[in-house]
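Notes follow once the structure below has been shown.
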Amino acid sequence: MTQLHVEDVAEGDALPPLTVVVDETQMFFFSAATYNGHRIHYDKDWARDTEGYENVLVQGPLQAALLARAVTDWIGPRGRLVTYSAQNRAVAFPGQELVFGGRVTGVRIEGDRGLVDLELSAGRGDDVLMPGTATVSLPRREGSA
Amino acid sequence: MSTVQDAASLIPPEAAARVGTVAATAVGEVNRREWQRWAVSVKDHNPLWFDTDAARAAGYEDVVAPPLYVQYAVLGVTPLDQLRADGSSGAASGNLSFPDAPRRMAGGESTTFYLPCYHRDEITMVRTVESIVGKQGRSGPFVLVTWRTTYTNQRDELVAEASTSMIARP
């Protein structure tokens, strides 16, 4: 992984978008890993007849984890996630193309690190499924601190 | 049958009385294999979660858990015959019950991370019910529950602090 430094980012920069199509295998393993027994993620009859959806739903926490992954992939090994916030706005179904990304809304230097504020979004086409924000801490480039 | 349901009527007094109280406490050990299973289910192959050398090169003592994983390290065990009808456990949120609003979904989460978690760290979660409010949405009334949660490690260091919410609809 290449390391991102605070000098590399400026307000308005876009994060490299992460494009994902979640399938039911991935949903099964995520439910298993999070001890999530909610039928809405694996029982199609329950999702349709009891909860009124056309299919099982991609877990909100999986969307949140993918959105966070877009951030941690970008900041590199010496970057740190300081705050992370995401709101479930709309549901997603397996097989849909989801795009996780964001942009830089602020950059400031604190000591030998830089703090970068991000506005995040998980989307499907023009629909925002999950808006979010994050602050990450990035190292300063050698010799600039 | 009434067509307009009052959002506040969805909140039973027993649930309303829980505001401000501790909803759940839990202790759990952070486990490398479990966080790696979580990470691959997100297809998150970040070397910090898997590769000791890479983690050390980045300044950590060893591989670390993905920050979002800490909330799962404390999950307990629920006998299957004690699950809710919808299959969910409810234990981590204090078993708040909204019989008139049984359809539940995660609202949002907002977390501040202070320290990394390592294999075999022991995490204590304390979750408090911050608010329970009835709201009127575009598709009808719903209940918004907000919890505040702290995660501390075996050295009583604050690892993370979170505000999470849940929406329950009729």
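All residue names refer to the structure tokens as shown: chains lettered A, B, ... in order, residues numbered from 1 in each chain, ligands numbered from 1 in order.
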
Closest pair table for chain B residues within 6 Å of chain A, only C-alpha atoms, as a tab-separated table:
residue	atom	partner	partner_atom	distance
B:Trp38	CA	A:Ala33	CA	5.0
B:Ser41	CA	A:Phe30	CA	5.0
B:Ala58	CA	A:Arg78	CA	5.2
B:Tyr72	CA	A:Thr34	CA	5.9
B:Asp86	CA	A:Arg39	CA	5.5
B:Gly87	CA	A:His38	CA	4.5
B:Ser88	CA	A:His38	CA	4.4
B:Gly107	CA	A:Asn88	CA	5.3
B:Gly108	CA	A:Gln87	CA	4.0
B:Glu109	CA	A:Ser85	CA	5.5
B:Ser110	CA	A:Ser85	CA	3.9
B:Thr111	CA	A:Tyr84	CA	5.3
B:Thr112	CA	A:Thr83	CA	4.3
B:Phe113	CA	A:Val82	CA	5.2

Point to revise | DSSP helix (DSSP H, G or I) residues within stretch 30-163 of chain B, listed as a ChimeraX atom specification | key: /B:32-41,47-50,52-57,67-73,80-82,91-93

**Study point:** Filtered DSSP result for stretch 65-126 of chain A, state strand (DSSP E or B), as an MDAnalysis selection string
**Key:** chainID A and resid 80:87 97:110 113:124

Can I get the selected residues back with N, CA and C atoms, as a compact mmCIF listing (two decimals), in the first residue's frame?
# COMPACT_ATOMS: atom_id res chain seq x y z
N ARG A 80 -4.78 7.19 10.00
CA ARG A 80 -5.67 6.64 11.03
C ARG A 80 -7.06 7.25 10.92
N LEU A 81 -8.03 6.38 11.14
CA LEU A 81 -9.41 6.84 11.18
C LEU A 81 -9.66 7.40 12.58
N VAL A 82 -10.04 8.66 12.66
CA VAL A 82 -10.24 9.32 13.96
C VAL A 82 -11.72 9.35 14.32
N THR A 83 -12.53 9.80 13.39
CA THR A 83 -13.98 9.75 13.60
C THR A 83 -14.62 9.19 12.34
N TYR A 84 -15.76 8.57 12.54
CA TYR A 84 -16.48 8.01 11.40
C TYR A 84 -17.96 8.02 11.72
N SER A 85 -18.74 8.51 10.79
CA SER A 85 -20.17 8.63 11.01
C SER A 85 -20.89 8.27 9.72
N ALA A 86 -21.96 7.47 9.82
CA ALA A 86 -22.74 7.10 8.63
C ALA A 86 -24.19 6.93 9.02
N GLN A 87 -25.09 7.36 8.14
CA GLN A 87 -26.52 7.26 8.39
C GLN A 87 -27.17 6.39 7.32
N GLU A 97 -25.26 -2.43 -8.14
CA GLU A 97 -23.93 -1.81 -8.10
C GLU A 97 -23.96 -0.61 -7.14
N LEU A 98 -23.11 -0.68 -6.13
CA LEU A 98 -23.03 0.38 -5.12
C LEU A 98 -21.66 1.04 -5.22
N VAL A 99 -21.64 2.34 -5.05
CA VAL A 99 -20.38 3.08 -5.14
C VAL A 99 -20.15 3.81 -3.82
N PHE A 100 -18.98 3.57 -3.24
CA PHE A 100 -18.61 4.16 -1.96
C PHE A 100 -17.48 5.14 -2.20
N GLY A 101 -17.68 6.37 -1.77
CA GLY A 101 -16.64 7.37 -2.03
C GLY A 101 -16.84 8.60 -1.18
N GLY A 102 -16.15 9.66 -1.57
CA GLY A 102 -16.28 10.89 -0.79
C GLY A 102 -15.33 11.94 -1.31
N ARG A 103 -15.31 13.04 -0.58
CA ARG A 103 -14.39 14.12 -0.96
C ARG A 103 -13.89 14.84 0.27
N VAL A 104 -12.78 15.52 0.08
CA VAL A 104 -12.12 16.23 1.18
C VAL A 104 -12.83 17.56 1.41
N THR A 105 -13.21 17.80 2.67
CA THR A 105 -13.88 19.07 2.98
C THR A 105 -13.02 20.00 3.83
N GLY A 106 -11.90 19.48 4.34
CA GLY A 106 -11.04 20.36 5.14
C GLY A 106 -9.72 19.69 5.42
N VAL A 107 -8.66 20.49 5.52
CA VAL A 107 -7.32 19.98 5.81
C VAL A 107 -6.68 20.92 6.81
N ARG A 108 -6.14 20.36 7.91
CA ARG A 108 -5.42 21.21 8.84
C ARG A 108 -4.25 20.44 9.44
N ILE A 109 -3.24 21.18 9.84
CA ILE A 109 -2.04 20.57 10.41
C ILE A 109 -2.12 20.68 11.93
N GLU A 110 -1.85 19.56 12.61
CA GLU A 110 -1.75 19.59 14.08
C GLU A 110 -0.49 18.84 14.47
N ARG A 113 1.18 15.74 12.46
CA ARG A 113 0.17 15.04 11.67
C ARG A 113 -0.74 16.07 10.98
N GLY A 114 -1.46 15.60 10.01
CA GLY A 114 -2.49 16.42 9.39
C GLY A 114 -3.84 15.79 9.63
N LEU A 115 -4.85 16.61 9.86
CA LEU A 115 -6.21 16.10 10.02
C LEU A 115 -7.01 16.49 8.79
N VAL A 116 -7.69 15.51 8.24
CA VAL A 116 -8.42 15.72 7.00
C VAL A 116 -9.89 15.34 7.23
N ASP A 117 -10.78 16.27 6.95
CA ASP A 117 -12.22 16.00 7.08
C ASP A 117 -12.76 15.54 5.74
N LEU A 118 -13.65 14.59 5.81
CA LEU A 118 -14.21 13.99 4.60
C LEU A 118 -15.73 13.98 4.67
N GLU A 119 -16.33 14.17 3.50
CA GLU A 119 -17.76 13.95 3.34
C GLU A 119 -17.89 12.67 2.52
N LEU A 120 -18.68 11.73 3.00
CA LEU A 120 -18.72 10.40 2.40
C LEU A 120 -20.11 10.08 1.88
N SER A 121 -20.16 9.12 0.98
CA SER A 121 -21.45 8.72 0.48
C SER A 121 -21.40 7.32 -0.13
N ALA A 122 -22.39 6.52 0.22
CA ALA A 122 -22.63 5.27 -0.48
C ALA A 122 -23.81 5.51 -1.40
N GLY A 123 -23.64 5.21 -2.67
CA GLY A 123 -24.70 5.52 -3.62
C GLY A 123 -24.99 4.38 -4.56
N ARG A 124 -26.20 4.48 -5.15
CA ARG A 124 -26.61 3.55 -6.20
C ARG A 124 -27.19 4.44 -7.29

Report as JSON lines: every residue of stretch 37-126 of chain B with an atom at most 10 Å from stretch 158-168 of chain B, its closest pair of atoms, and their distance in Å to one decimal, counting only C-alpha atoms, with rows sorted by chain and ascending residue number.
{"residue": "B:Pro67", "atom": "CA", "partner": "B:Ala160", "partner_atom": "CA", "distance": 8.7}
{"residue": "B:Leu68", "atom": "CA", "partner": "B:Ala160", "partner_atom": "CA", "distance": 9.6}
{"residue": "B:Val70", "atom": "CA", "partner": "B:Ala160", "partner_atom": "CA", "distance": 8.1}
{"residue": "B:Gln71", "atom": "CA", "partner": "B:Ala162", "partner_atom": "CA", "distance": 9.2}
{"residue": "B:Ser93", "atom": "CA", "partner": "B:Met166", "partner_atom": "CA", "distance": 9.5}
{"residue": "B:Ser97", "atom": "CA", "partner": "B:Ala168", "partner_atom": "CA", "distance": 9.6}
{"residue": "B:Phe98", "atom": "CA", "partner": "B:Ala168", "partner_atom": "CA", "distance": 7.4}
{"residue": "B:Pro99", "atom": "CA", "partner": "B:Ala168", "partner_atom": "CA", "distance": 9.7}
{"residue": "B:Asp100", "atom": "CA", "partner": "B:Ala168", "partner_atom": "CA", "distance": 9.0}
{"residue": "B:Ala101", "atom": "CA", "partner": "B:Ala168", "partner_atom": "CA", "distance": 5.3}
{"residue": "B:Pro102", "atom": "CA", "partner": "B:Ala168", "partner_atom": "CA", "distance": 6.2}
{"residue": "B:Arg103", "atom": "CA", "partner": "B:Ala168", "partner_atom": "CA", "distance": 5.4}
{"residue": "B:Arg104", "atom": "CA", "partner": "B:Ala168", "partner_atom": "CA", "distance": 4.3}
{"residue": "B:Met105", "atom": "CA", "partner": "B:Ile167", "partner_atom": "CA", "distance": 5.3}
{"residue": "B:Ala106", "atom": "CA", "partner": "B:Met166", "partner_atom": "CA", "distance": 4.5}
{"residue": "B:Gly107", "atom": "CA", "partner": "B:Met166", "partner_atom": "CA", "distance": 4.4}
{"residue": "B:Gly108", "atom": "CA", "partner": "B:Ser165", "partner_atom": "CA", "distance": 5.3}
{"residue": "B:Glu109", "atom": "CA", "partner": "B:Thr164", "partner_atom": "CA", "distance": 4.3}
{"residue": "B:Ser110", "atom": "CA", "partner": "B:Ser163", "partner_atom": "CA", "distance": 5.2}
{"residue": "B:Thr111", "atom": "CA", "partner": "B:Ala162", "partner_atom": "CA", "distance": 4.2}
{"residue": "B:Thr112", "atom": "CA", "partner": "B:Glu161", "partner_atom": "CA", "distance": 5.4}
{"residue": "B:Phe113", "atom": "CA", "partner": "B:Ala160", "partner_atom": "CA", "distance": 4.5}
{"residue": "B:Tyr114", "atom": "CA", "partner": "B:Val159", "partner_atom": "CA", "distance": 5.0}
{"residue": "B:Leu115", "atom": "CA", "partner": "B:Val159", "partner_atom": "CA", "distance": 4.8}
{"residue": "B:Pro116", "atom": "CA", "partner": "B:Val159", "partner_atom": "CA", "distance": 6.9}
{"residue": "B:Cys117", "atom": "CA", "partner": "B:Val159", "partner_atom": "CA", "distance": 7.5}
{"residue": "B:Ile123", "atom": "CA", "partner": "B:Val159", "partner_atom": "CA", "distance": 8.4}
{"residue": "B:Thr124", "atom": "CA", "partner": "B:Leu158", "partner_atom": "CA", "distance": 9.6}
{"residue": "B:Met125", "atom": "CA", "partner": "B:Glu161", "partner_atom": "CA", "distance": 9.5}
{"residue": "B:Val126", "atom": "CA", "partner": "B:Glu161", "partner_atom": "CA", "distance": 9.7}

Suppose we keep C-alpha atoms; can you now write the selection as a compact mmCIF listing (two decimals), in the first residue's frame?
# COMPACT_ATOMS: atom_id res chain seq x y z
CA PRO B 67 -11.63 0.21 13.81
CA LEU B 68 -15.29 -0.61 13.11
CA VAL B 70 -14.68 -3.23 18.09
CA GLN B 71 -18.49 -3.17 18.33
CA SER B 93 -29.28 -2.96 22.69
CA SER B 97 -39.33 -3.65 22.98
CA PHE B 98 -41.72 -1.79 20.67
CA PRO B 99 -44.61 -4.20 20.07
CA ASP B 100 -46.42 -1.67 17.87
CA ALA B 101 -43.28 -0.96 15.83
CA PRO B 102 -41.70 -4.35 15.21
CA ARG B 103 -39.85 -3.56 11.96
CA ARG B 104 -36.39 -2.49 13.03
CA MET B 105 -33.47 -1.13 11.07
CA ALA B 106 -30.16 0.44 11.90
CA GLY B 107 -30.34 4.25 11.84
CA GLY B 108 -26.80 5.48 11.95
CA GLU B 109 -23.54 5.36 13.80
CA SER B 110 -21.02 7.99 14.76
CA THR B 111 -17.81 6.86 16.41
CA THR B 112 -14.60 8.44 17.67
CA PHE B 113 -11.63 6.09 17.76
CA TYR B 114 -8.94 6.71 20.37
CA LEU B 115 -6.78 3.58 20.43
CA PRO B 116 -6.20 0.49 18.29
CA CYS B 117 -7.35 -2.94 19.46
CA ILE B 123 -13.07 -4.76 25.74
CA THR B 124 -15.83 -3.57 28.05
CA MET B 125 -18.84 -1.97 26.44
CA VAL B 126 -21.25 0.24 28.37
